[in-house]
Number of protein chains: 2
Amino acid sequence: MPTDTTSARAPSGPRSLEHPDRADIRLAEVLHALADPMRLRIVRALAAAEGELNCADIELPVSKSTCTHHFRVLREHGVIRQLYRGTAKMNGLRREDLEELFPGLIDGVLRAADLQAGRLGEE
Amino acid sequence: MPTDTTSARAPSGPRSLEHPDRADIRLAEVLHALADPMRLRIVRALAAAEGELNCADIELPVSKSTCTHHFRVLREHGVIRQLYRGTAKMNGLRREDLEELFPGLIDGVLRAADLQAGRLGEE
DNA sequence: GCAGTCATACGATAAGTGTCGTACTACGGT
DNA sequence: ACCGTAGTACGACACTTATCGTATGACTGC
């Protein structure tokens, strides 16, 4: 499906990213996307900075290509939204969509992640 | 380690299962355990039947060995508790432990699963 | 004690995942 | 027009996973 240049890609802009429609987001996939420490970090960072963040704003102990990979997983499973803004790519949580689909889920996960980080960080 | 008959197995009873301590349960692992449609089904069934369920009580479209595999994943990641009761094995959600660790998380996931099942089941 | 039932163990397999490095593309500024 | 920066694509790799089938072990009841 990456060869379809009509529907998924933005009209004129050369760089555009595919995002699943809200109705296509599946719980198991969202959980899968969140079930990785690195991606959990990313999501926490995005939630903390309520606006949008550059990829490089989140310090991760992995290479750039791995970072790209994780962001893509999050985007393709409907957890974040990405769009280009000049040379950078801004990332934001899809809070509204997720809240509509699975009320309370994201907040629960974020809260759990905070709790665990507190427990593990100051032991 | 399956050859070690002294440590892993309970003192007298021949059949005993290892469960992680509550403090050893990790959010990413719980999410991973839940991030599979088959396991999500299992967890929903266990939550619905508030008591304990036999493995065979949950109809799954997979072989018995695969079923065992999924139950083990859930147990090893701290989502369910299993114990032998005669020839059967009873399974129950570790609601208390999970609620203590990650308040609201399991309920959020279960609610999300119900919502999605409703959406997908009666379309 | 023997057979039946429930579940496990083990091996196999195919597919998926996280990670990396290198090569490449897109954009913005000089 | 060129260079630097931000991010992607691609191939490689080791590891994990979901699945199965068959063989094995544990308990119940006859």
# chains A, B, ... in the order shown; residues from 1 in each chain; ligands from 1

call {"tool": "calpha_fit_rmsd", "arguments": {"fixed": "chain A", "moving": "chain B"}}
result
1.2 Å

call {"tool": "interface_residues", "arguments": {"of": "chain A", "to": "chain D", "cutoff": "8 Å", "atoms": "only C-alpha atoms (C1' of nucleotides)", "output": "list in words"}}
result
Thr68, Thr87, Ala88 and Lys89 of chain A

call {"tool": "write_last_selection", "arguments": {"atoms": "C-alpha atoms", "output": "PDB file, in the first residue's frame"}}
result
ATOM      1  CA  THR A  68      12.707   6.408  13.881  1.00  0.00           C
ATOM      2  CA  THR A  87      13.174  19.964   8.580  1.00  0.00           C
ATOM      3  CA  ALA A  88      11.927  18.665  11.864  1.00  0.00           C
ATOM      4  CA  LYS A  89       9.090  16.297  12.576  1.00  0.00           C
TER       5      LYS A  89
END

call {"tool": "closest_residue", "arguments": {"among": "A:Leu60, A:Ala112, A:Val43, A:Ala117", "to": "chain B", "atoms": "only C-alpha atoms"}}
result
A:Ala112

call {"tool": "interface_residues", "arguments": {"of": "chain C", "to": "chain A", "cutoff": "8 Å", "atoms": "only C-alpha atoms (C1' of nucleotides)", "output": "number ranges by chain"}}
result
C: 18-20, 26-28

call {"tool": "write_last_selection", "arguments": {"atoms": "all heavy atoms", "output": "short mmCIF file (atom, residue, chain, number, x, y, z; two decimals), in the first residue's frame"}}
result
data_model
loop_
_atom_site.label_atom_id
_atom_site.label_comp_id
_atom_site.auth_asym_id
_atom_site.auth_seq_id
_atom_site.Cartn_x
_atom_site.Cartn_y
_atom_site.Cartn_z
P DG C 18 9.78 -4.01 19.04
OP1 DG C 18 9.17 -3.75 20.36
OP2 DG C 18 9.44 -3.16 17.89
"O5'" DG C 18 11.36 -3.98 19.23
"C5'" DG C 18 11.91 -4.59 20.36
"C4'" DG C 18 13.41 -4.39 20.34
"O4'" DG C 18 13.95 -5.09 19.22
"C3'" DG C 18 13.84 -2.92 20.21
"O3'" DG C 18 14.90 -2.69 21.13
"C2'" DG C 18 14.28 -2.81 18.76
"C1'" DG C 18 14.74 -4.22 18.43
N9 DG C 18 14.55 -4.62 17.03
C8 DG C 18 13.48 -4.33 16.23
N7 DG C 18 13.58 -4.85 15.02
C5 DG C 18 14.79 -5.51 15.04
C6 DG C 18 15.43 -6.26 14.02
O6 DG C 18 15.06 -6.47 12.87
N1 DG C 18 16.66 -6.77 14.46
C2 DG C 18 17.17 -6.60 15.71
N2 DG C 18 18.34 -7.16 15.96
N3 DG C 18 16.58 -5.90 16.67
C4 DG C 18 15.40 -5.38 16.27
P DT C 19 15.49 -1.28 21.33
OP1 DT C 19 15.95 -1.20 22.75
OP2 DT C 19 14.54 -0.29 20.81
"O5'" DT C 19 16.78 -1.29 20.42
"C5'" DT C 19 17.82 -2.22 20.70
"C4'" DT C 19 18.75 -2.37 19.53
"O4'" DT C 19 18.08 -3.05 18.44
"C3'" DT C 19 19.22 -1.07 18.88
"O3'" DT C 19 20.30 -0.52 19.61
"C2'" DT C 19 19.66 -1.56 17.50
"C1'" DT C 19 18.91 -2.88 17.32
N1 DT C 19 18.05 -2.89 16.11
C2 DT C 19 18.51 -3.51 14.98
O2 DT C 19 19.59 -4.08 14.94
N3 DT C 19 17.67 -3.46 13.91
C4 DT C 19 16.45 -2.85 13.85
O4 DT C 19 15.79 -2.88 12.83
C5 DT C 19 16.02 -2.20 15.06
C7 DT C 19 14.71 -1.50 15.10
C6 DT C 19 16.84 -2.26 16.12
P DC C 20 20.93 0.87 19.15
OP1 DC C 20 21.89 1.31 20.17
OP2 DC C 20 19.84 1.77 18.74
"O5'" DC C 20 21.74 0.45 17.85
"C5'" DC C 20 22.83 -0.46 17.99
"C4'" DC C 20 23.36 -0.84 16.62
"O4'" DC C 20 22.28 -1.39 15.84
"C3'" DC C 20 23.89 0.34 15.83
"O3'" DC C 20 25.30 0.43 15.99
"C2'" DC C 20 23.51 0.00 14.38
"C1'" DC C 20 22.57 -1.17 14.48
N1 DC C 20 21.27 -0.93 13.79
C2 DC C 20 21.02 -1.53 12.55
O2 DC C 20 21.90 -2.24 12.05
N3 DC C 20 19.85 -1.30 11.93
C4 DC C 20 18.93 -0.53 12.50
N4 DC C 20 17.78 -0.35 11.86
C5 DC C 20 19.15 0.08 13.77
C6 DC C 20 20.33 -0.14 14.37
P DA C 26 13.42 13.59 -1.77
OP1 DA C 26 12.07 13.14 -2.16
OP2 DA C 26 14.36 14.15 -2.77
"O5'" DA C 26 13.24 14.67 -0.60
"C5'" DA C 26 12.45 14.33 0.50
"C4'" DA C 26 12.54 15.44 1.55
"O4'" DA C 26 13.85 15.41 2.15
"C3'" DA C 26 12.36 16.85 0.98
"O3'" DA C 26 11.50 17.56 1.84
"C2'" DA C 26 13.76 17.42 0.97
"C1'" DA C 26 14.37 16.73 2.18
N9 DA C 26 15.82 16.58 2.16
C8 DA C 26 16.59 16.11 1.14
N7 DA C 26 17.87 16.06 1.41
C5 DA C 26 17.96 16.54 2.71
C6 DA C 26 19.05 16.76 3.57
N6 DA C 26 20.31 16.49 3.24
N1 DA C 26 18.78 17.24 4.79
C2 DA C 26 17.51 17.51 5.12
N3 DA C 26 16.41 17.35 4.38
C4 DA C 26 16.70 16.86 3.18
P DC C 27 10.74 18.81 1.30
OP1 DC C 27 9.34 18.66 1.68
OP2 DC C 27 11.12 19.04 -0.11
"O5'" DC C 27 11.36 19.98 2.19
"C5'" DC C 27 11.28 19.86 3.60
"C4'" DC C 27 12.41 20.63 4.23
"O4'" DC C 27 13.66 20.11 3.80
"C3'" DC C 27 12.44 22.12 3.84
"O3'" DC C 27 12.01 22.87 4.97
"C2'" DC C 27 13.90 22.38 3.45
"C1'" DC C 27 14.61 21.13 3.94
N1 DC C 27 15.82 20.72 3.17
C2 DC C 27 17.08 20.78 3.78
O2 DC C 27 17.17 21.19 4.94
N3 DC C 27 18.17 20.38 3.08
C4 DC C 27 18.03 19.95 1.83
N4 DC C 27 19.14 19.56 1.18
C5 DC C 27 16.76 19.88 1.19
C6 DC C 27 15.68 20.27 1.89
P DG C 28 11.76 24.41 4.86
OP1 DG C 28 10.67 24.75 5.79
OP2 DG C 28 11.67 24.75 3.42
"O5'" DG C 28 13.12 25.03 5.43
"C5'" DG C 28 13.59 24.57 6.69
"C4'" DG C 28 14.91 25.24 7.00
"O4'" DG C 28 15.97 24.62 6.23
"C3'" DG C 28 14.95 26.74 6.66
"O3'" DG C 28 15.54 27.45 7.74
"C2'" DG C 28 15.78 26.81 5.39
"C1'" DG C 28 16.71 25.59 5.53
N9 DG C 28 17.07 24.98 4.26
C8 DG C 28 16.24 24.73 3.19
N7 DG C 28 16.85 24.15 2.18
C5 DG C 28 18.16 24.02 2.62
C6 DG C 28 19.27 23.47 1.96
O6 DG C 28 19.33 22.96 0.82
N1 DG C 28 20.42 23.51 2.76
C2 DG C 28 20.47 24.03 4.02
N2 DG C 28 21.65 23.99 4.63
N3 DG C 28 19.42 24.56 4.66
C4 DG C 28 18.31 24.51 3.90
#

call {"tool": "atom_distance", "arguments": {"atom1": "CA of Ala49 in chain B", "atom2": "CA of Leu34 in chain B"}}
result
17.8 Å

call {"tool": "interface_residues", "arguments": {"of": "chain B", "to": "chain A", "cutoff": "8 Å", "atoms": "only C-alpha atoms", "output": "list in words"}}
result
Arg26, Leu27, Ala28, Glu29, Val30, Leu31, His32, Leu34, Ala35, Asp36, Pro37, Leu40, Leu101, Phe102, Pro103, Gly104, Leu105, Gly108, Val109, Arg111, Ala112, Ala113, Leu115 and Gln116 of chain B
